[in-house]
Amino acid sequence: MKLSELISVLDHPKVKGKLDCEVAGLTYDSRGIAPGLLFVAIRGLHQDGHQFVNQVMAQGAVGVVVENDCPDVLSQTLSRIIRVKDTRRALSVLAHQFYGKPSHQMGMIGVTGTNGKTTTTYLIRGILEAAGKKVGLLGTTGYHVGLEVLPALHTTPESLDLHRLLAEMVQAAIEYTVMEVSSHALALGRVSDCAFDVAVYTNLSQDHLDFHKDMEDYFKAKQKLFSELGIGNPKSFPRRAVVNGDDPKASQVIAVTQVPCWTYATDKQADLTAERIQIDFEGIRFLAVTPQGKFEIQSVLTGRYNVSNILAAIGVVLSQDIPIPVIQKGIKNVRQVPGRFEKVQEGQDFLVIVDYAHTEDALRKLLLAVQELRQSTLSPEGRVLTVFGCGGDRDRGKRPKIGQVAVGLSDCVILTSDNPRTEDHMAIIREIEAGIKQGPDTRRQRAGYFIIPDRAEAIEKAIGLARRGDIVVIAGKGHEDYQIVGPHKIHFDDREVARVALRRLKAKS
């Protein structure tokens, strides 16, 4: 593509140099520069791409895109300089143009919210695939393009990477892309040029306040997906917003939405609700009440919060005219979402569950689900033993609150490391412990807690303490197969560690 054609979509760029050259590709990473690439200098959290513009031009970049207020670091010999107001915005616009506007060539479904995004996207994909559709999936567990699964660096990719992936999906004849849309992606404009047809709002609870200045800023980022929904979208796919009516912010989401909206809820009146809910460790059964009528739902997913996730998925696919029998089949087909209420079985007489819950709200819902299931299907004398930590270099304010939730809904708590990153793991644990100590004395004395910083040892301790009928909950990392300690990313999988501990326990008995 000619540089002149590519930058024609930019808003009032200031150009130095001739534009009749060919552009072989785009990059925002100076380490990936190659001859013929256009380098877009973006300001990141840790580094500023403007520092590398002279370097990338020396290595063969066809030109650089910088911000208007770029400091005087540009060599006078640079042949092509394109100045814009906002290079992040420019990166998205340029990627959209360079890759042929791929989001215009398929159905686009975005799911945002603090919790429930991954499970909801898996359910939507399962139903669409049951309808015979080819579906791409982008989210926390990976980027699924056709038969290929790529590791996810972010829940939602950077705009350039996103449009590249979408272009690959177009080449693979993907009909729908279902993706998790994070608040970071919305705030940073990564999805600004994605033409979403359907958007889902699951909920809002405290998270990511290391990035957002406060909860209102966090919510406004989520809200952006809905205020932009359908604008400038030339496609013929049906448009719909699907909003969790149980969430206190639901009305504010609906207020900014300019396309038809359905609500779903389990505790309030809504367009989609559930009746006759039955939940046990084998799954969920309920009667879905929808704008298209009532029908039975069965799923191997469990926990009351998954009723909400299923209703959200039903709302999405009903908006796309998927028949009810196909919806029922698709939900049945979703057997396990990686690291979400995932059971680890080695023939033991107690349960071990690995789950990604890493926020106060997610852990509360998880442990309430476990308590409900324990009362209804297992011996009420069975105990809940919870192993968890909190991530380093992330929202510190949630740590004591998560500690209070854990000790309030568990019979035994083991505090351990999560991904400490550059923080001292014991300092993180002490902040969690502060919340536990603030809780009611009677509950804390009954529950008790241990501090075992080594996560593998903590998991082994919990499994060693478990008795017949107990439930061991290993929370926080879920599907992750790594642990980040300092600058190092080492292999670590809660499921693998639990399996080894269970086998060792079995060998002793």
# chains A, B, ... in the order shown; residues from 1 in each chain; ligands from 1

call {"tool": "select_by_dssp", "arguments": {"residues": "region 277-389 of chain A", "states": "strand (DSSP E)", "output": "ChimeraX atom specification"}}
result
/A:277-280,283-290,293-299,342-343,351-355,384-388

call {"tool": "write_last_selection", "arguments": {"atoms": "C-alpha atoms", "output": "PDB file, in the first residue's frame"}}
result
ATOM      1  CA  ILE A 277     -32.809 -23.048  38.906  1.00  0.00           C
ATOM      2  CA  GLN A 278     -31.138 -26.274  40.053  1.00  0.00           C
ATOM      3  CA  ILE A 279     -27.412 -26.332  40.765  1.00  0.00           C
ATOM      4  CA  ASP A 280     -25.112 -29.139  41.856  1.00  0.00           C
ATOM      5  CA  GLY A 283     -23.934 -28.605  36.518  1.00  0.00           C
ATOM      6  CA  ILE A 284     -26.886 -26.247  36.106  1.00  0.00           C
ATOM      7  CA  ARG A 285     -30.473 -26.746  34.993  1.00  0.00           C
ATOM      8  CA  PHE A 286     -33.014 -23.960  34.617  1.00  0.00           C
ATOM      9  CA  LEU A 287     -35.854 -22.616  32.524  1.00  0.00           C
ATOM     10  CA  ALA A 288     -34.714 -19.663  30.412  1.00  0.00           C
ATOM     11  CA  VAL A 289     -37.354 -16.951  30.029  1.00  0.00           C
ATOM     12  CA  THR A 290     -36.537 -14.866  26.953  1.00  0.00           C
ATOM     13  CA  GLY A 293     -40.124 -17.778  24.679  1.00  0.00           C
ATOM     14  CA  LYS A 294     -39.249 -20.200  27.468  1.00  0.00           C
ATOM     15  CA  PHE A 295     -36.948 -23.201  27.094  1.00  0.00           C
ATOM     16  CA  GLU A 296     -34.932 -25.611  29.238  1.00  0.00           C
ATOM     17  CA  ILE A 297     -31.196 -25.177  29.678  1.00  0.00           C
ATOM     18  CA  GLN A 298     -28.683 -27.755  30.888  1.00  0.00           C
ATOM     19  CA  SER A 299     -24.980 -27.068  31.350  1.00  0.00           C
ATOM     20  CA  GLU A 342     -11.981 -26.476  36.977  1.00  0.00           C
ATOM     21  CA  LYS A 343     -11.990 -29.691  39.001  1.00  0.00           C
ATOM     22  CA  LEU A 351     -12.917 -31.863  45.739  1.00  0.00           C
ATOM     23  CA  VAL A 352     -10.145 -29.664  44.377  1.00  0.00           C
ATOM     24  CA  ILE A 353     -11.218 -26.651  42.321  1.00  0.00           C
ATOM     25  CA  VAL A 354      -8.930 -24.264  40.423  1.00  0.00           C
ATOM     26  CA  ASP A 355     -10.423 -20.890  39.522  1.00  0.00           C
ATOM     27  CA  VAL A 384     -13.840 -25.164  52.526  1.00  0.00           C
ATOM     28  CA  LEU A 385     -10.069 -24.651  52.359  1.00  0.00           C
ATOM     29  CA  THR A 386      -9.013 -21.668  50.244  1.00  0.00           C
ATOM     30  CA  VAL A 387      -5.539 -21.016  48.828  1.00  0.00           C
ATOM     31  CA  PHE A 388      -4.897 -17.632  47.212  1.00  0.00           C
TER      32      PHE A 388
END

call {"tool": "residues_around", "arguments": {"residues": "Leu502 (chain A)", "least_positions_apart": "5", "cutoff": "9 Å", "atoms": "only C-alpha atoms", "output": "list of chain:residue names"}}
result
A:Val344, A:Gln345, A:Glu346, A:Gly347, A:Gln348, A:Glu460, A:Ile463, A:Gly464, A:Val497, A:Ala507

call {"tool": "closest_atom_pairs", "arguments": {"of": "region 353-391 of chain A", "to": "region 398-405 of chain A", "cutoff": "9 Å", "atoms": "only C-alpha atoms", "output": "JSON lines"}}
result
{"residue": "A:His358", "atom": "CA", "partner": "A:Ile402", "partner_atom": "CA", "distance": 8.1}
{"residue": "A:Thr359", "atom": "CA", "partner": "A:Ile402", "partner_atom": "CA", "distance": 6.7}
{"residue": "A:Glu360", "atom": "CA", "partner": "A:Ile402", "partner_atom": "CA", "distance": 4.7}
{"residue": "A:Asp361", "atom": "CA", "partner": "A:Ile402", "partner_atom": "CA", "distance": 8.3}
{"residue": "A:Leu363", "atom": "CA", "partner": "A:Val405", "partner_atom": "CA", "distance": 7.2}
{"residue": "A:Arg364", "atom": "CA", "partner": "A:Val405", "partner_atom": "CA", "distance": 6.0}
{"residue": "A:Leu367", "atom": "CA", "partner": "A:Val405", "partner_atom": "CA", "distance": 8.6}
{"residue": "A:Gly389", "atom": "CA", "partner": "A:Arg399", "partner_atom": "CA", "distance": 8.6}
{"residue": "A:Cys390", "atom": "CA", "partner": "A:Arg399", "partner_atom": "CA", "distance": 6.6}

call {"tool": "residues_around", "arguments": {"residues": "Leu373 (chain A)", "least_positions_apart": "3", "cutoff": "9 Å", "atoms": "only C-alpha atoms", "output": "list in words"}}
result
Ile279, Asp280, Phe281, Gly303, Leu368, Ala369, Val370, Ser376, Thr377 and Leu378 of chain A

call {"tool": "closest_residue", "arguments": {"among": "A:Gly107, A:Gly469, A:Ser417, A:Glu433", "to": "Gln375 (chain A)", "atoms": "only C-alpha atoms"}}
result
A:Gly469

call {"tool": "residues_around", "arguments": {"residues": "Ile254 (chain A)", "least_positions_apart": "2", "cutoff": "10 Å", "atoms": "only C-alpha atoms", "output": "list in words"}}
result
Tyr201, Gln223, Phe226, Ser227, Ala241, Val242, Val243, Gly245, Lys249, Ala250, Ser251, Gln252, Val256, Thr257, Gln258, Val259, Pro260, Cys261, Trp262 and Thr263 of chain A

call {"tool": "write_last_selection", "arguments": {"atoms": "N, CA and C atoms", "output": "short mmCIF file (atom, residue, chain, number, x, y, z; two decimals), in the first residue's frame"}}
result
data_model
loop_
_atom_site.label_atom_id
_atom_site.label_comp_id
_atom_site.auth_asym_id
_atom_site.auth_seq_id
_atom_site.Cartn_x
_atom_site.Cartn_y
_atom_site.Cartn_z
N TYR A 201 -22.38 -6.38 28.70
CA TYR A 201 -21.86 -5.83 29.95
C TYR A 201 -22.19 -6.82 31.06
N GLN A 223 -18.10 1.75 29.75
CA GLN A 223 -19.26 2.39 29.12
C GLN A 223 -18.98 2.76 27.66
N PHE A 226 -20.30 0.76 24.74
CA PHE A 226 -21.72 0.88 24.43
C PHE A 226 -22.06 2.23 23.79
N SER A 227 -21.37 3.28 24.19
CA SER A 227 -21.65 4.58 23.57
C SER A 227 -21.21 4.61 22.11
N ALA A 241 -27.32 -4.53 22.38
CA ALA A 241 -26.59 -4.47 23.64
C ALA A 241 -27.25 -5.44 24.60
N VAL A 242 -26.44 -6.20 25.33
CA VAL A 242 -26.95 -7.18 26.29
C VAL A 242 -26.33 -6.81 27.64
N VAL A 243 -27.17 -6.41 28.60
CA VAL A 243 -26.69 -5.78 29.83
C VAL A 243 -27.20 -6.52 31.05
N GLY A 245 -28.83 -6.75 34.18
CA GLY A 245 -29.75 -5.91 34.93
C GLY A 245 -29.58 -6.00 36.43
N LYS A 249 -24.92 -0.55 37.91
CA LYS A 249 -24.59 0.39 36.84
C LYS A 249 -25.36 0.13 35.55
N ALA A 250 -26.26 -0.84 35.55
CA ALA A 250 -26.94 -1.24 34.31
C ALA A 250 -27.63 -0.07 33.62
N SER A 251 -28.36 0.74 34.38
CA SER A 251 -29.12 1.84 33.77
C SER A 251 -28.20 2.85 33.10
N GLN A 252 -27.00 3.05 33.66
CA GLN A 252 -26.06 3.99 33.06
C GLN A 252 -25.44 3.44 31.78
N VAL A 256 -26.40 5.19 27.55
CA VAL A 256 -25.50 5.67 26.49
C VAL A 256 -25.57 4.82 25.23
N THR A 257 -26.38 3.77 25.27
CA THR A 257 -26.45 2.83 24.15
C THR A 257 -27.45 3.30 23.11
N GLN A 258 -27.04 3.29 21.84
CA GLN A 258 -27.89 3.79 20.76
C GLN A 258 -28.48 2.67 19.89
N VAL A 259 -28.30 1.42 20.32
CA VAL A 259 -28.88 0.29 19.58
C VAL A 259 -29.88 -0.40 20.52
N PRO A 260 -30.74 -1.29 20.00
CA PRO A 260 -31.68 -2.00 20.88
C PRO A 260 -30.95 -2.75 21.99
N CYS A 261 -31.58 -2.80 23.15
CA CYS A 261 -30.93 -3.38 24.33
C CYS A 261 -31.81 -4.43 24.98
N TRP A 262 -31.20 -5.53 25.42
CA TRP A 262 -31.86 -6.52 26.26
C TRP A 262 -31.12 -6.57 27.59
N THR A 263 -31.87 -6.73 28.66
CA THR A 263 -31.26 -6.96 29.97
C THR A 263 -31.43 -8.42 30.35
#

call {"tool": "residues_around", "arguments": {"residues": "region 108-113 of chain A", "least_positions_apart": "4", "cutoff": "10 Å", "atoms": "only C-alpha atoms", "output": "count of residues only"}}
result
54

call {"tool": "closest_residue", "arguments": {"among": "A:Ser159, A:Ser4, A:Gln371, A:Gln51", "to": "Glu22 (chain A)", "atoms": "only C-alpha atoms"}}
result
A:Ser4

call {"tool": "closest_residue", "arguments": {"among": "A:Thr156, A:Gln47, A:Thr119, A:Asn233", "to": "Leu301 (chain A)", "atoms": "only C-alpha atoms"}}
result
A:Thr119

call {"tool": "decode", "arguments": {"residues": "region 311-351 of chain A", "atoms": "N, CA and C atoms", "output": "compact mmCIF listing (two decimals), in the first residue's frame"}}
result
# COMPACT_ATOMS: atom_id res chain seq x y z
N LEU A 311 -27.25 -16.70 30.57
CA LEU A 311 -28.30 -15.79 30.09
C LEU A 311 -27.71 -14.72 29.15
N ALA A 312 -26.53 -14.21 29.49
CA ALA A 312 -25.88 -13.22 28.62
C ALA A 312 -25.61 -13.81 27.24
N ALA A 313 -25.09 -15.03 27.23
CA ALA A 313 -24.79 -15.69 25.95
C ALA A 313 -26.06 -15.94 25.15
N ILE A 314 -27.13 -16.33 25.84
CA ILE A 314 -28.41 -16.56 25.15
C ILE A 314 -28.89 -15.26 24.50
N GLY A 315 -28.77 -14.14 25.23
CA GLY A 315 -29.19 -12.86 24.67
C GLY A 315 -28.44 -12.52 23.39
N VAL A 316 -27.14 -12.77 23.40
CA VAL A 316 -26.32 -12.48 22.22
C VAL A 316 -26.77 -13.29 21.01
N VAL A 317 -26.90 -14.60 21.20
CA VAL A 317 -27.19 -15.46 20.04
C VAL A 317 -28.64 -15.34 19.58
N LEU A 318 -29.55 -15.04 20.50
CA LEU A 318 -30.93 -14.77 20.06
C LEU A 318 -30.96 -13.54 19.16
N SER A 319 -30.12 -12.55 19.47
CA SER A 319 -30.07 -11.35 18.64
C SER A 319 -29.58 -11.66 17.23
N GLN A 320 -28.85 -12.77 17.09
CA GLN A 320 -28.32 -13.18 15.78
C GLN A 320 -29.19 -14.26 15.14
N ASP A 321 -30.41 -14.41 15.67
CA ASP A 321 -31.42 -15.32 15.08
C ASP A 321 -30.99 -16.78 15.10
N ILE A 322 -30.26 -17.18 16.14
CA ILE A 322 -29.90 -18.60 16.29
C ILE A 322 -31.10 -19.34 16.88
N PRO A 323 -31.51 -20.47 16.29
CA PRO A 323 -32.69 -21.21 16.79
C PRO A 323 -32.49 -21.76 18.20
N ILE A 324 -33.58 -21.86 18.93
CA ILE A 324 -33.53 -22.31 20.32
C ILE A 324 -32.91 -23.70 20.47
N PRO A 325 -33.27 -24.70 19.67
CA PRO A 325 -32.63 -26.02 19.82
C PRO A 325 -31.11 -25.97 19.65
N VAL A 326 -30.64 -25.10 18.78
CA VAL A 326 -29.20 -24.94 18.59
C VAL A 326 -28.56 -24.30 19.83
N ILE A 327 -29.25 -23.33 20.42
CA ILE A 327 -28.76 -22.70 21.65
C ILE A 327 -28.62 -23.75 22.75
N GLN A 328 -29.63 -24.57 22.92
CA GLN A 328 -29.59 -25.62 23.94
C GLN A 328 -28.42 -26.56 23.71
N LYS A 329 -28.23 -26.97 22.47
CA LYS A 329 -27.13 -27.88 22.12
C LYS A 329 -25.78 -27.22 22.36
N GLY A 330 -25.64 -25.96 21.94
CA GLY A 330 -24.37 -25.27 22.08
C GLY A 330 -23.95 -25.11 23.52
N ILE A 331 -24.90 -24.79 24.40
CA ILE A 331 -24.59 -24.64 25.82
C ILE A 331 -24.16 -25.98 26.41
N LYS A 332 -24.81 -27.05 26.02
CA LYS A 332 -24.41 -28.38 26.48
C LYS A 332 -23.00 -28.73 26.02
N ASN A 333 -22.63 -28.24 24.85
CA ASN A 333 -21.33 -28.59 24.27
C ASN A 333 -20.15 -27.95 24.99
N VAL A 334 -20.38 -26.87 25.73
CA VAL A 334 -19.29 -26.19 26.44
C VAL A 334 -18.99 -26.99 27.70
N ARG A 335 -17.93 -27.79 27.64
CA ARG A 335 -17.65 -28.73 28.72
C ARG A 335 -16.84 -28.12 29.86
N GLN A 336 -15.84 -27.32 29.52
CA GLN A 336 -14.99 -26.73 30.54
C GLN A 336 -14.33 -25.47 30.00
N VAL A 337 -14.44 -24.41 30.76
CA VAL A 337 -13.71 -23.19 30.44
C VAL A 337 -12.40 -23.25 31.23
N PRO A 338 -11.25 -23.16 30.57
CA PRO A 338 -9.97 -23.35 31.27
C PRO A 338 -9.83 -22.47 32.50
N GLY A 339 -9.54 -23.12 33.63
CA GLY A 339 -9.27 -22.38 34.85
C GLY A 339 -10.46 -21.70 35.47
N ARG A 340 -11.66 -22.09 35.07
CA ARG A 340 -12.88 -21.54 35.67
C ARG A 340 -13.65 -22.68 36.31
N PHE A 341 -13.65 -22.72 37.64
CA PHE A 341 -14.27 -23.81 38.41
C PHE A 341 -13.82 -25.16 37.82
N GLU A 342 -12.53 -25.26 37.59
CA GLU A 342 -11.98 -26.48 36.98
C GLU A 342 -11.61 -27.48 38.07
N LYS A 343 -12.21 -28.66 37.99
CA LYS A 343 -11.99 -29.69 39.00
C LYS A 343 -10.75 -30.50 38.66
N VAL A 344 -9.95 -30.79 39.69
CA VAL A 344 -8.77 -31.64 39.53
C VAL A 344 -9.07 -32.95 40.25
N GLN A 345 -9.14 -34.03 39.49
CA GLN A 345 -9.56 -35.32 40.04
C GLN A 345 -8.44 -36.35 39.91
N GLU A 346 -8.09 -36.95 41.02
CA GLU A 346 -7.15 -38.07 41.03
C GLU A 346 -7.68 -39.18 41.93
N GLY A 347 -9.02 -39.31 41.96
CA GLY A 347 -9.64 -40.37 42.75
C GLY A 347 -9.76 -40.06 44.23
N GLN A 348 -9.51 -38.82 44.65
CA GLN A 348 -9.58 -38.46 46.06
C GLN A 348 -11.03 -38.33 46.52
N ASP A 349 -11.26 -38.40 47.83
CA ASP A 349 -12.62 -38.32 48.36
C ASP A 349 -12.98 -36.90 48.80
N PHE A 350 -12.31 -35.92 48.24
CA PHE A 350 -12.66 -34.51 48.45
C PHE A 350 -12.46 -33.81 47.11
N LEU A 351 -12.99 -32.60 47.00
CA LEU A 351 -12.92 -31.86 45.74
C LEU A 351 -11.77 -30.85 45.74
